[in-house]
>>> print(open('input.txt').read())   # compact mmCIF, C-alpha atoms
# COMPACT_ATOMS: atom_id res chain seq x y z
CA MET A 1 -9.39 -15.67 -23.57
CA ALA A 2 -11.15 -12.29 -23.44
CA ALA A 3 -8.94 -9.24 -23.11
CA LEU A 4 -8.97 -6.84 -20.16
CA ARG A 5 -7.60 -3.58 -21.55
CA ILE A 6 -5.67 -1.42 -19.11
CA GLY A 7 -5.12 2.33 -19.34
CA ILE A 8 -2.47 3.72 -17.00
CA ILE A 9 -2.62 7.41 -16.09
CA GLY A 10 0.88 8.49 -15.10
CA GLY A 11 4.22 7.45 -16.54
CA GLY A 12 6.73 7.51 -13.71
CA TYR A 13 8.24 5.04 -11.26
CA MET A 14 5.00 3.38 -10.22
CA ALA A 15 3.88 3.07 -13.84
CA ARG A 16 6.98 0.96 -14.40
CA ALA A 17 6.14 -1.24 -11.39
CA HIS A 18 2.56 -1.71 -12.58
CA SER A 19 3.64 -2.45 -16.14
CA VAL A 20 6.08 -5.14 -15.02
CA ALA A 21 3.35 -6.68 -12.84
CA LEU A 22 0.87 -6.73 -15.72
CA ALA A 23 3.43 -8.29 -18.04
CA ASN A 24 4.35 -10.97 -15.49
CA LEU A 25 0.83 -11.88 -14.39
CA PRO A 26 -0.02 -14.32 -17.23
CA VAL A 27 3.48 -15.77 -17.02
CA TYR A 28 3.17 -16.59 -13.32
CA VAL A 29 -0.53 -17.47 -13.09
CA GLU A 30 -1.98 -20.13 -15.34
CA GLY A 31 -5.66 -20.14 -16.24
CA LEU A 32 -6.39 -16.44 -15.84
CA PRO A 33 -10.06 -15.69 -16.58
CA LEU A 34 -9.08 -12.54 -18.53
CA GLU A 35 -5.92 -11.53 -20.36
CA PRO A 36 -4.51 -8.21 -19.09
CA VAL A 37 -3.56 -6.03 -22.06
CA ARG A 38 -1.40 -2.91 -21.73
CA GLU A 39 -3.57 -0.81 -23.99
CA VAL A 40 -2.67 2.85 -23.44
CA ILE A 41 -0.50 4.93 -21.11
CA CYS A 42 -0.85 8.64 -20.40
CA ASP A 43 1.78 11.13 -19.27
CA ALA A 44 2.06 14.91 -19.05
CA THR A 45 3.44 15.47 -22.56
CA ASP A 46 3.39 13.63 -25.86
CA GLU A 47 7.13 13.05 -25.62
CA LEU A 48 6.92 11.54 -22.14
CA ALA A 49 3.88 9.44 -23.01
CA ARG A 50 5.48 8.03 -26.16
CA ALA A 51 8.65 7.15 -24.25
CA ALA A 52 6.64 5.44 -21.50
CA ALA A 53 4.64 3.42 -24.03
CA GLU A 54 7.81 2.21 -25.70
CA ALA A 55 9.57 1.42 -22.42
CA PHE A 56 6.63 -0.27 -20.69
CA GLY A 57 5.12 -2.18 -23.60
CA PHE A 58 1.86 -0.32 -24.25
CA ARG A 59 0.04 -0.40 -27.56
CA ARG A 60 -0.80 3.30 -27.52
CA TRP A 61 0.00 6.52 -25.70
CA SER A 62 -1.73 9.82 -24.89
CA SER A 63 -1.12 13.10 -23.08
CA ASP A 64 -4.86 13.64 -22.42
CA TRP A 65 -6.00 11.73 -19.35
CA ARG A 66 -9.66 12.53 -19.96
CA ALA A 67 -9.44 10.94 -23.40
CA VAL A 68 -8.01 7.78 -21.82
CA VAL A 69 -10.73 7.68 -19.16
CA GLU A 70 -13.44 8.00 -21.81
CA ASP A 71 -11.81 5.65 -24.35
CA PRO A 72 -14.25 2.81 -25.19
CA GLU A 73 -11.26 0.55 -25.86
CA VAL A 74 -10.19 0.76 -22.19
CA ASP A 75 -11.78 -1.39 -19.46
CA VAL A 76 -9.68 -0.48 -16.42
CA ILE A 77 -8.15 2.83 -15.38
CA ASP A 78 -4.94 2.45 -13.36
CA ILE A 79 -3.98 5.70 -11.59
CA VAL A 80 -0.34 6.31 -10.61
CA LEU A 81 -0.46 10.10 -10.33
CA PRO A 82 0.61 12.44 -7.50
CA ASN A 83 -1.82 12.21 -4.59
CA ALA A 84 -3.58 15.51 -5.21
CA MET A 85 -4.81 14.31 -8.63
CA HIS A 86 -6.38 11.05 -7.46
CA HIS A 87 -9.75 12.52 -6.51
CA GLU A 88 -10.59 14.13 -9.84
CA VAL A 89 -9.32 11.31 -12.04
CA VAL A 90 -10.92 8.52 -10.00
CA LEU A 91 -14.33 10.22 -10.04
CA ALA A 92 -14.06 10.77 -13.81
CA ALA A 93 -13.14 7.12 -14.36
CA ILE A 94 -16.06 5.93 -12.24
CA ALA A 95 -18.42 8.26 -14.13
CA ALA A 96 -17.17 6.69 -17.38
CA GLY A 97 -18.07 3.24 -16.06
CA LYS A 98 -14.48 1.98 -15.79
CA HIS A 99 -13.09 -0.36 -13.18
CA VAL A 100 -10.44 1.53 -11.19
CA THR A 101 -7.21 0.71 -9.40
CA CYS A 102 -5.45 3.64 -7.71
CA GLU A 103 -2.16 4.02 -5.90
CA LYS A 104 -2.21 4.91 -2.22
CA PRO A 105 -3.07 7.07 -0.42
CA LEU A 106 -6.54 7.11 -1.95
CA ALA A 107 -6.92 10.88 -1.59
CA ASN A 108 -5.56 13.93 0.19
CA THR A 109 -8.45 14.01 2.68
CA ALA A 110 -10.82 11.53 4.26
CA ALA A 111 -13.76 13.51 2.88
CA GLN A 112 -12.45 13.03 -0.66
CA ALA A 113 -11.73 9.35 0.00
CA GLU A 114 -15.27 8.83 1.26
CA GLU A 115 -16.75 10.54 -1.81
CA MET A 116 -14.66 8.29 -4.08
CA THR A 117 -15.58 5.15 -2.14
CA ARG A 118 -19.31 5.88 -2.18
CA ALA A 119 -19.22 6.72 -5.90
CA ALA A 120 -17.48 3.42 -6.68
CA GLN A 121 -19.95 1.47 -4.57
CA ARG A 122 -22.95 3.11 -6.26
CA ALA A 123 -21.49 2.47 -9.72
CA GLY A 124 -20.95 -1.22 -9.01
CA ILE A 125 -17.45 -1.19 -10.48
CA VAL A 126 -14.47 -3.13 -9.17
CA HIS A 127 -12.28 -0.71 -7.22
CA GLN A 128 -8.87 -1.23 -5.67
CA ILE A 129 -6.16 0.76 -3.90
CA GLY A 130 -2.49 -0.15 -4.08
CA LEU A 131 -2.02 -1.38 -0.52
CA ASN A 132 -0.06 -4.32 -1.89
CA TRP A 133 2.29 -4.78 1.06
CA ARG A 134 -0.35 -6.79 2.92
CA LEU A 135 -0.36 -9.25 0.00
CA ALA A 136 3.14 -10.52 0.79
CA PRO A 137 2.81 -14.25 1.53
CA ALA A 138 4.37 -13.80 4.99
CA VAL A 139 1.76 -11.19 5.97
CA GLN A 140 -0.98 -13.43 4.57
CA GLN A 141 0.42 -16.33 6.60
CA ALA A 142 0.41 -14.15 9.72
CA ARG A 143 -3.30 -13.53 9.18
CA ARG A 144 -3.84 -17.29 8.80
CA LEU A 145 -2.12 -17.98 12.14
CA ILE A 146 -4.31 -15.35 13.78
CA ASP A 147 -7.54 -16.55 12.20
CA ASP A 148 -7.01 -20.20 13.13
CA GLY A 149 -6.26 -19.33 16.76
CA THR A 150 -2.63 -20.48 16.69
CA ILE A 151 -1.33 -17.41 18.53
CA GLY A 152 -4.48 -16.89 20.58
CA GLU A 153 -6.08 -13.52 21.23
CA VAL A 154 -4.02 -10.60 19.91
CA ARG A 155 -2.82 -8.36 22.74
CA ASP A 156 -0.62 -5.79 21.03
CA PHE A 157 0.90 -4.70 17.73
CA ARG A 158 4.06 -2.71 16.99
CA GLY A 159 4.38 -1.55 13.40
CA PHE A 160 7.01 0.59 11.69
CA TRP A 161 8.37 1.93 8.44
CA LEU A 162 11.77 3.55 8.72
CA ALA A 163 13.51 5.14 5.74
CA ASP A 164 16.10 7.84 5.18
CA PHE A 165 15.23 9.40 1.81
CA GLY A 166 14.06 12.57 3.60
CA ALA A 167 17.01 12.91 5.96
CA ASP A 168 19.12 14.82 3.42
CA ASP A 169 18.43 18.52 3.99
CA THR A 170 19.90 19.35 0.57
CA ALA A 171 17.34 17.21 -1.29
CA PRO A 172 15.01 19.44 -3.38
CA MET A 173 11.42 20.31 -2.74
CA THR A 174 8.87 17.98 -4.39
CA TRP A 175 5.13 17.52 -4.08
CA LYS A 176 5.74 14.86 -1.41
CA TYR A 177 6.82 17.60 1.02
CA SER A 178 3.70 19.71 0.43
CA ARG A 179 0.25 19.32 2.02
CA ALA A 180 -1.35 20.59 -1.16
CA GLY A 181 0.46 17.95 -3.19
CA ALA A 182 0.57 14.98 -0.84
CA GLY A 183 -2.09 15.58 1.81
CA SER A 184 0.30 14.42 4.53
CA GLY A 185 3.91 13.38 4.95
CA ALA A 186 5.39 10.10 6.17
CA LEU A 187 2.12 9.16 7.89
CA GLY A 188 0.10 9.04 4.68
CA ASP A 189 2.92 7.95 2.37
CA THR A 190 4.66 4.90 3.80
CA GLY A 191 2.51 4.98 6.93
CA SER A 192 -0.61 4.06 4.99
CA HIS A 193 0.83 0.58 4.47
CA VAL A 194 1.62 0.13 8.18
CA ILE A 195 -1.87 1.28 9.15
CA ASP A 196 -3.39 -1.09 6.61
CA ILE A 197 -1.35 -4.06 7.83
CA ALA A 198 -2.36 -3.27 11.42
CA ARG A 199 -6.04 -3.17 10.43
CA TYR A 200 -5.67 -6.36 8.41
CA LEU A 201 -4.11 -8.30 11.28
CA VAL A 202 -5.66 -6.76 14.39
CA GLY A 203 -8.87 -4.99 13.34
CA ASP A 204 -10.25 -1.48 13.31
CA PHE A 205 -8.66 1.36 15.24
CA ASP A 206 -10.73 2.84 18.07
CA SER A 207 -8.62 5.80 19.23
CA VAL A 208 -5.15 7.25 18.71
CA VAL A 209 -2.72 9.77 20.18
CA GLY A 210 0.39 10.88 18.32
CA LEU A 211 3.39 13.12 17.84
CA SER A 212 5.03 14.33 14.65
CA ARG A 213 8.06 16.34 13.60
CA ILE A 214 9.25 18.30 10.57
CA HIS A 215 13.03 17.85 10.64
CA VAL A 216 13.79 19.82 7.45
CA PRO A 217 11.52 22.90 7.54
CA TYR A 218 12.62 24.33 4.16
CA ARG A 219 13.71 22.80 0.87
CA ARG A 220 14.96 24.42 -2.30
CA ASP A 221 12.63 24.71 -5.28
CA PRO A 222 14.63 23.08 -8.12
CA ALA A 223 13.14 25.53 -10.65
CA THR A 224 13.76 28.81 -8.82
CA GLY A 225 16.37 27.92 -6.22
CA GLU A 226 14.25 29.60 -3.56
CA ALA A 227 13.57 28.08 -0.15
CA VAL A 228 10.05 26.67 0.15
CA GLU A 229 8.39 25.78 3.44
CA VAL A 230 7.74 22.10 4.15
CA ASP A 231 4.31 21.74 5.74
CA VAL A 232 3.97 17.97 6.19
CA GLU A 233 5.69 15.74 8.75
CA ASP A 234 8.94 13.90 8.18
CA ASP A 235 8.38 11.69 11.21
CA SER A 236 5.30 10.51 13.10
CA ALA A 237 4.52 8.04 15.86
CA PHE A 238 1.31 7.18 17.64
CA LEU A 239 -0.27 4.93 20.23
CA ALA A 240 -3.50 3.22 19.35
CA GLU A 241 -6.33 1.27 20.88
CA PHE A 242 -8.10 -1.23 18.64
CA THR A 243 -11.81 -1.97 18.86
CA GLY A 244 -11.07 -5.55 19.90
CA GLY A 245 -9.11 -4.44 22.98
CA ALA A 246 -5.53 -4.73 21.73
CA TYR A 247 -3.20 -1.74 21.78
CA GLY A 248 -0.54 -0.64 19.34
CA TYR A 249 2.41 1.59 18.59
CA LEU A 250 3.10 2.68 15.00
CA GLN A 251 6.06 4.72 13.76
CA ASN A 252 6.66 6.14 10.29
CA THR A 253 9.69 8.19 9.34
CA ARG A 254 11.69 9.15 6.29
CA SER A 255 14.48 10.64 8.42
CA SER A 256 16.24 7.62 9.95
CA PRO A 257 19.80 7.51 8.52
CA GLY A 258 20.78 4.05 7.38
CA ARG A 259 17.25 2.67 7.18
CA LYS A 260 16.28 2.19 3.55
CA ASN A 261 13.02 0.27 3.64
CA HIS A 262 12.67 -1.08 7.16
CA CYS A 263 8.99 -1.94 7.32
CA GLY A 264 7.51 -4.58 9.56
CA PHE A 265 5.66 -5.54 12.71
CA GLU A 266 5.81 -7.50 15.95
CA LEU A 267 2.53 -8.90 17.21
CA HIS A 268 1.91 -10.70 20.49
CA GLY A 269 -0.98 -12.98 21.34
CA THR A 270 -2.00 -15.05 24.34
CA LYS A 271 -0.42 -18.20 22.86
CA GLY A 272 2.36 -16.93 20.64
CA SER A 273 4.03 -14.11 18.72
CA LEU A 274 4.75 -13.11 15.12
CA VAL A 275 7.57 -10.95 13.76
CA PHE A 276 7.96 -9.70 10.18
CA ASP A 277 10.52 -7.45 8.48
CA TRP A 278 9.98 -6.46 4.84
CA GLU A 279 13.74 -6.42 4.27
CA ARG A 280 13.47 -10.19 4.79
CA MET A 281 10.00 -10.38 3.27
CA ASN A 282 10.08 -14.11 2.53
CA GLU A 283 10.38 -14.96 6.22
CA LEU A 284 7.88 -14.94 9.10
CA ASN A 285 9.20 -15.50 12.61
CA PHE A 286 6.76 -17.44 14.78
CA TYR A 287 6.88 -18.29 18.48
CA ASP A 288 4.52 -20.84 20.06
CA SER A 289 4.40 -20.68 23.85
CA ARG A 290 2.97 -24.23 23.97
CA ASP A 291 6.23 -25.75 22.75
CA PRO A 292 8.11 -27.81 25.38
CA LYS A 293 10.22 -25.63 27.65
CA ASP A 294 13.45 -27.07 26.34
CA ARG A 295 12.50 -26.26 22.71
CA GLN A 296 10.94 -22.85 23.00
CA GLY A 297 12.16 -20.08 20.72
CA PHE A 298 11.29 -18.26 17.54
CA ARG A 299 11.22 -20.40 14.41
CA THR A 300 11.58 -18.99 10.92
CA LEU A 301 8.90 -19.92 8.43
CA LEU A 302 10.42 -19.59 4.96
CA MET A 303 7.68 -18.82 2.47
CA GLY A 304 7.01 -21.33 -0.28
CA PRO A 305 4.20 -23.13 -2.12
CA ALA A 306 2.48 -24.13 1.14
CA HIS A 307 1.86 -20.51 2.07
CA PRO A 308 -0.80 -18.09 0.81
CA TYR A 309 -0.13 -16.73 -2.70
CA ALA A 310 3.50 -17.96 -2.77
CA GLY A 311 2.61 -20.95 -4.91
CA HIS A 312 1.83 -18.70 -7.87
CA PHE A 313 5.53 -18.02 -8.31
CA TRP A 314 8.15 -20.71 -7.62
CA ARG A 315 7.22 -24.27 -6.76
CA VAL A 316 10.33 -24.91 -4.70
CA PRO A 317 10.39 -23.87 -1.02
CA GLY A 318 13.00 -21.22 -0.32
CA TYR A 319 12.93 -19.54 -3.71
CA GLN A 320 12.43 -15.84 -3.19
CA ILE A 321 9.99 -13.22 -4.39
CA GLY A 322 10.20 -9.41 -4.09
CA PHE A 323 8.26 -6.17 -4.21
CA GLY A 324 7.27 -6.62 -7.86
CA GLU A 325 5.50 -9.89 -7.16
CA THR A 326 3.22 -8.21 -4.62
CA LYS A 327 2.10 -5.90 -7.42
CA THR A 328 1.47 -8.97 -9.57
CA LEU A 329 -0.74 -10.31 -6.76
CA GLN A 330 -2.55 -6.98 -6.65
CA PHE A 331 -3.44 -7.29 -10.33
CA LEU A 332 -4.33 -10.96 -9.93
CA GLU A 333 -7.00 -9.97 -7.40
CA LEU A 334 -8.23 -7.21 -9.72
CA VAL A 335 -8.50 -9.44 -12.79
CA LYS A 336 -10.28 -12.21 -10.90
CA ALA A 337 -12.75 -9.79 -9.29
CA ILE A 338 -13.63 -8.24 -12.66
CA ALA A 339 -14.22 -11.76 -13.99
CA GLY A 340 -16.58 -12.42 -11.08
CA ASP A 341 -14.20 -14.74 -9.23
CA GLY A 342 -13.88 -13.32 -5.71
CA GLN A 343 -13.17 -9.83 -4.42
CA VAL A 344 -10.12 -7.65 -4.01
CA GLN A 345 -8.80 -7.41 -0.46
CA THR A 346 -7.94 -3.75 -0.79
CA GLY A 347 -11.00 -1.97 -2.10
CA PHE A 348 -11.43 1.76 -1.70
CA GLU A 349 -12.92 1.11 1.73
CA GLU A 350 -9.47 0.14 3.00
CA GLY A 351 -8.00 3.38 1.67
CA LEU A 352 -10.78 5.36 3.32
CA ARG A 353 -10.21 3.67 6.69
CA ALA A 354 -6.46 4.33 6.48
CA LYS A 355 -7.11 8.00 5.73
CA GLN A 356 -9.50 8.28 8.67
CA VAL A 357 -6.81 6.91 10.98
CA GLU A 358 -4.25 9.34 9.54
CA GLU A 359 -6.53 12.34 10.10
CA ALA A 360 -7.31 11.23 13.66
CA VAL A 361 -3.56 11.05 14.35
CA GLU A 362 -3.09 14.54 12.90
CA ALA A 363 -5.94 15.87 15.04
CA SER A 364 -4.37 14.31 18.13
CA VAL A 365 -1.01 15.93 17.34
CA GLU A 366 -2.72 19.31 17.08
CA ALA A 367 -4.81 18.86 20.24
CA ARG A 368 -2.16 16.89 22.16
CA ALA A 369 -4.93 14.50 23.21
CA TRP A 370 -6.50 11.17 22.32
CA GLN A 371 -8.85 11.18 19.33
CA GLN A 372 -11.57 8.78 18.29
CA VAL A 373 -11.24 7.22 14.83
CA PRO A 374 -14.49 7.41 12.77
CA ARG A 375 -16.13 4.09 11.96
>>> encode(input="input.txt", output="structure tokens")
Amino acid sequence: MAALRIGIIGGGYMARAHSVALANLPVYVEGLPLEPVREVICDATDELARAAAEAFGFRRWSSDWRAVVEDPEVDVIDIVLPNAMHHEVVLAAIAAGKHVTCEKPLANTAAQAEEMTRAAQRAGIVHQIGLNWRLAPAVQQARRLIDDGTIGEVRDFRGFWLADFGADDTAPMTWKYSRAGAGSGALGDTGSHVIDIARYLVGDFDSVVGLSRIHVPYRRDPATGEAVEVDVEDDSAFLAEFTGGAYGYLQNTRSSPGRKNHCGFELHGTKGSLVFDWERMNELNFYDSRDPKDRQGFRTLLMGPAHPYAGHFWRVPGYQIGFGETKTLQFLELVKAIAGDGQVQTGFEEGLRAKQVEEAVEASVEARAWQQVPR
């Protein structure tokens, strides 16, 4: 089997998640067209890079990201850097002729995301953004039930991601609380997944109107101890109209005490409804209004081999998968697309569309009025 040599730029938390997914992919999926090889990992210093290579199973390490991008022994560049660095590194990787997978959000601005998307399209490379939450078998099954008409025409969508990691006002300042570092707050961070799932299940956004709040206006710089202004939202919510006629409500917050990773949706159609909660990610609740009156009620579909993607893991219904397996599915799509077997679901175009929605919401917050989403 031919090797597909991966170079990861960034050595933190997401590098660990990607490394585990790459290691597990050939274990879970038989008959891969290419063998993913953890070739080289790059971090800010030699010491950090060496430690990451040893911990995550890479053959080599580097502290020079440009050298990794230009390395002829690397086929794919995997970018797990802070948001503000995505634009430069992605464009350099595309210019070097590499296939690229990049963590979300794609860029700090829609203009940057569009430049990256057009460059990838012109280069003819395989490109992917890490919107892996839609790859959960339950979300894929929801799409199947929509596509085959089981729940009828979609009328409305309520999506959410509630967390509390930003509720602590003593937590230090990081790049995630800075527009220069992150581009946006909760809306672009966790919210990008909710927007993507909404687009995946319902279709493109037409217009939006939103509100946002900064609950902790200052945080302490861990290096200096000085208070630094927070200039991105901790909490956002918006109404939406979709191009197909459905409407939606989406909420994203990192300031909801007690909520750790409460992401999900409720979707209603003319013939039925679907409910999903990531904290119970192996379940999809389904209601069919055509059931006899004495048997109507939500039923729980427990994901297993009969459902999209789930059969790659455990062949017994009811065995569970988790977050890491959705990253494995992300890399499965990437490897197959590079081998010429299908396409990735989450190309850069999906990251661009999510960013356009985010910026329309931000514009509506500023203007206190509905805004059209570019298409």
>>> closest_atom_pairs(input="input.txt", of="stretch 156-224 of chain A", to="stretch 94-113 of chain A", cutoff="9 Å", atoms="all atoms listed in the file", output="CSV")
residue,atom,partner,partner_atom,distance
A:Arg179,CA,A:Asn108,CA,8.1
A:Ala180,CA,A:Asn108,CA,8.0
A:Gly181,CA,A:Asn108,CA,8.0
A:Ala182,CA,A:Asn108,CA,6.3
A:Gly183,CA,A:Asn108,CA,4.2
A:Ser184,CA,A:Asn108,CA,7.3
A:Gly188,CA,A:Pro105,CA,6.3
A:Asp189,CA,A:Pro105,CA,6.7
A:Ser192,CA,A:Pro105,CA,6.7
A:His193,CA,A:Lys104,CA,8.5
>>> atom_distance(input="input.txt", atom1="atom CA of A:Gln121", atom2="atom CA of A:His87")
15.2 Å
>>> closest_residue(input="input.txt", among="A:Ala369, A:Ala306, A:Leu201, A:Ala138", to="A:Glu283", atoms="all atoms listed in the file")
A:Ala138
>>> closest_residue(input="input.txt", among="A:Tyr177, A:Ala2, A:Ala52, A:Gln251", to="A:Glu35", atoms="only C-alpha atoms")
A:Ala2
>>> residues_around(input="input.txt", residues="stretch 342-344 of chain A", least_positions_apart="3", cutoff="10 Å", atoms="only C-alpha atoms", output="PyMOL selection string")
chain A and resi 126-129+330-339+347-348
>>> write_last_selection(input="input.txt", atoms="C-alpha atoms", output="short mmCIF file (atom, residue, chain, number, x, y, z; two decimals), keeping the file's coordinate frame")
data_model
loop_
_atom_site.label_atom_id
_atom_site.label_comp_id
_atom_site.auth_asym_id
_atom_site.auth_seq_id
_atom_site.Cartn_x
_atom_site.Cartn_y
_atom_site.Cartn_z
CA VAL A 126 -14.47 -3.13 -9.17
CA HIS A 127 -12.28 -0.71 -7.22
CA GLN A 128 -8.87 -1.23 -5.67
CA ILE A 129 -6.16 0.76 -3.90
CA GLN A 330 -2.55 -6.98 -6.65
CA PHE A 331 -3.44 -7.29 -10.33
CA LEU A 332 -4.33 -10.96 -9.93
CA GLU A 333 -7.00 -9.97 -7.40
CA LEU A 334 -8.23 -7.21 -9.72
CA VAL A 335 -8.50 -9.44 -12.79
CA LYS A 336 -10.28 -12.21 -10.90
CA ALA A 337 -12.75 -9.79 -9.29
CA ILE A 338 -13.63 -8.24 -12.66
CA ALA A 339 -14.22 -11.76 -13.99
CA GLY A 347 -11.00 -1.97 -2.10
CA PHE A 348 -11.43 1.76 -1.70
#
>>> closest_residue(input="input.txt", among="A:Gly149, A:Pro172, A:Gly210, A:Gly245", to="A:Glu229", atoms="all atoms listed in the file")
A:Pro172
>>> atom_distance(input="input.txt", atom1="atom CA of A:Ala136", atom2="atom CA of A:Gly191")
16.7 Å
>>> residues_near_point(input="input.txt", point="(-8.2, 10.8, -22.5)", cutoff="12 Å", atoms="all atoms listed in the file", output="compact mmCIF listing (two decimals) with C-alpha atoms, in the coordinates of the input")
# COMPACT_ATOMS: atom_id res chain seq x y z
CA GLY A 7 -5.12 2.33 -19.34
CA ILE A 8 -2.47 3.72 -17.00
CA ILE A 9 -2.62 7.41 -16.09
CA GLY A 10 0.88 8.49 -15.10
CA VAL A 40 -2.67 2.85 -23.44
CA ILE A 41 -0.50 4.93 -21.11
CA CYS A 42 -0.85 8.64 -20.40
CA ASP A 43 1.78 11.13 -19.27
CA ALA A 44 2.06 14.91 -19.05
CA ARG A 60 -0.80 3.30 -27.52
CA TRP A 61 0.00 6.52 -25.70
CA SER A 62 -1.73 9.82 -24.89
CA SER A 63 -1.12 13.10 -23.08
CA ASP A 64 -4.86 13.64 -22.42
CA TRP A 65 -6.00 11.73 -19.35
CA ARG A 66 -9.66 12.53 -19.96
CA ALA A 67 -9.44 10.94 -23.40
CA VAL A 68 -8.01 7.78 -21.82
CA VAL A 69 -10.73 7.68 -19.16
CA GLU A 70 -13.44 8.00 -21.81
CA ASP A 71 -11.81 5.65 -24.35
CA PRO A 72 -14.25 2.81 -25.19
CA GLU A 73 -11.26 0.55 -25.86
CA VAL A 74 -10.19 0.76 -22.19
CA ILE A 77 -8.15 2.83 -15.38
CA VAL A 89 -9.32 11.31 -12.04
CA ALA A 92 -14.06 10.77 -13.81
CA ALA A 93 -13.14 7.12 -14.36
CA ALA A 96 -17.17 6.69 -17.38
>>> closest_residue(input="input.txt", among="A:Val357, A:Ala237, A:Leu22, A:Ala163", to="A:Pro257", atoms="all atoms listed in the file")
A:Ala163
>>> closest_residue(input="input.txt", among="A:Phe313, A:Phe265, A:Tyr247, A:Tyr28", to="A:Arg155", atoms="all atoms listed in the file")
A:Tyr247
>>> closest_residue(input="input.txt", among="A:Val230, A:Ala354, A:Ala15, A:Ala186", to="A:Ser212", atoms="all atoms listed in the file")
A:Ala186
>>> atom_distance(input="input.txt", atom1="atom CA of A:Trp370", atom2="atom CA of A:Leu162")
24.0 Å
>>> residues_around(input="input.txt", residues="A:Thr328", least_positions_apart="5", cutoff="12 Å", atoms="only C-alpha atoms", output="VMD selection string")
chain A and resid 17 to 29 36 130 132 to 133 135 to 136 309 to 310 312 to 313 321 to 323 333 to 335
>>> decode(input="input.txt", residues="stretch 226-230 of chain A", atoms="all heavy atoms", output="PDB file, in the first residue's frame")
ATOM      1  N   GLU A 226      -1.533  42.008  34.042  1.00  0.00           N
ATOM      2  CA  GLU A 226      -2.370  43.173  33.748  1.00  0.00           C
ATOM      3  C   GLU A 226      -3.702  42.745  33.136  1.00  0.00           C
ATOM      4  O   GLU A 226      -3.798  41.710  32.466  1.00  0.00           O
ATOM      5  CB  GLU A 226      -1.640  44.119  32.790  1.00  0.00           C
ATOM      6  CG  GLU A 226      -0.371  44.726  33.368  1.00  0.00           C
ATOM      7  CD  GLU A 226       0.302  45.652  32.363  1.00  0.00           C
ATOM      8  OE1 GLU A 226      -0.187  45.763  31.220  1.00  0.00           O
ATOM      9  OE2 GLU A 226       1.330  46.262  32.731  1.00  0.00           O
ATOM     10  N   ALA A 227      -4.725  43.588  33.363  1.00  0.00           N
ATOM     11  CA  ALA A 227      -6.044  43.331  32.793  1.00  0.00           C
ATOM     12  C   ALA A 227      -6.027  43.690  31.306  1.00  0.00           C
ATOM     13  O   ALA A 227      -5.562  44.755  30.914  1.00  0.00           O
ATOM     14  CB  ALA A 227      -7.102  44.144  33.517  1.00  0.00           C
ATOM     15  N   VAL A 228      -6.533  42.772  30.491  1.00  0.00           N
ATOM     16  CA  VAL A 228      -6.592  42.965  29.041  1.00  0.00           C
ATOM     17  C   VAL A 228      -8.053  42.897  28.607  1.00  0.00           C
ATOM     18  O   VAL A 228      -8.811  42.039  29.063  1.00  0.00           O
ATOM     19  CB  VAL A 228      -5.773  41.888  28.301  1.00  0.00           C
ATOM     20  CG1 VAL A 228      -5.851  42.092  26.793  1.00  0.00           C
ATOM     21  CG2 VAL A 228      -4.324  41.894  28.778  1.00  0.00           C
ATOM     22  N   GLU A 229      -8.435  43.798  27.724  1.00  0.00           N
ATOM     23  CA  GLU A 229      -9.822  43.851  27.276  1.00  0.00           C
ATOM     24  C   GLU A 229     -10.162  42.653  26.394  1.00  0.00           C
ATOM     25  O   GLU A 229      -9.409  42.283  25.495  1.00  0.00           O
ATOM     26  CB  GLU A 229     -10.086  45.140  26.508  1.00  0.00           C
ATOM     27  CG  GLU A 229     -11.542  45.299  26.094  1.00  0.00           C
ATOM     28  CD  GLU A 229     -11.817  46.611  25.380  1.00  0.00           C
ATOM     29  OE1 GLU A 229     -10.854  47.375  25.170  1.00  0.00           O
ATOM     30  OE2 GLU A 229     -12.993  46.853  25.027  1.00  0.00           O
ATOM     31  N   VAL A 230     -11.311  42.064  26.647  1.00  0.00           N
ATOM     32  CA  VAL A 230     -11.866  41.009  25.807  1.00  0.00           C
ATOM     33  C   VAL A 230     -12.727  41.671  24.737  1.00  0.00           C
ATOM     34  O   VAL A 230     -13.624  42.448  25.056  1.00  0.00           O
ATOM     35  CB  VAL A 230     -12.714  40.019  26.639  1.00  0.00           C
ATOM     36  CG1 VAL A 230     -13.428  39.016  25.732  1.00  0.00           C
ATOM     37  CG2 VAL A 230     -11.848  39.305  27.656  1.00  0.00           C
TER      38      VAL A 230
END
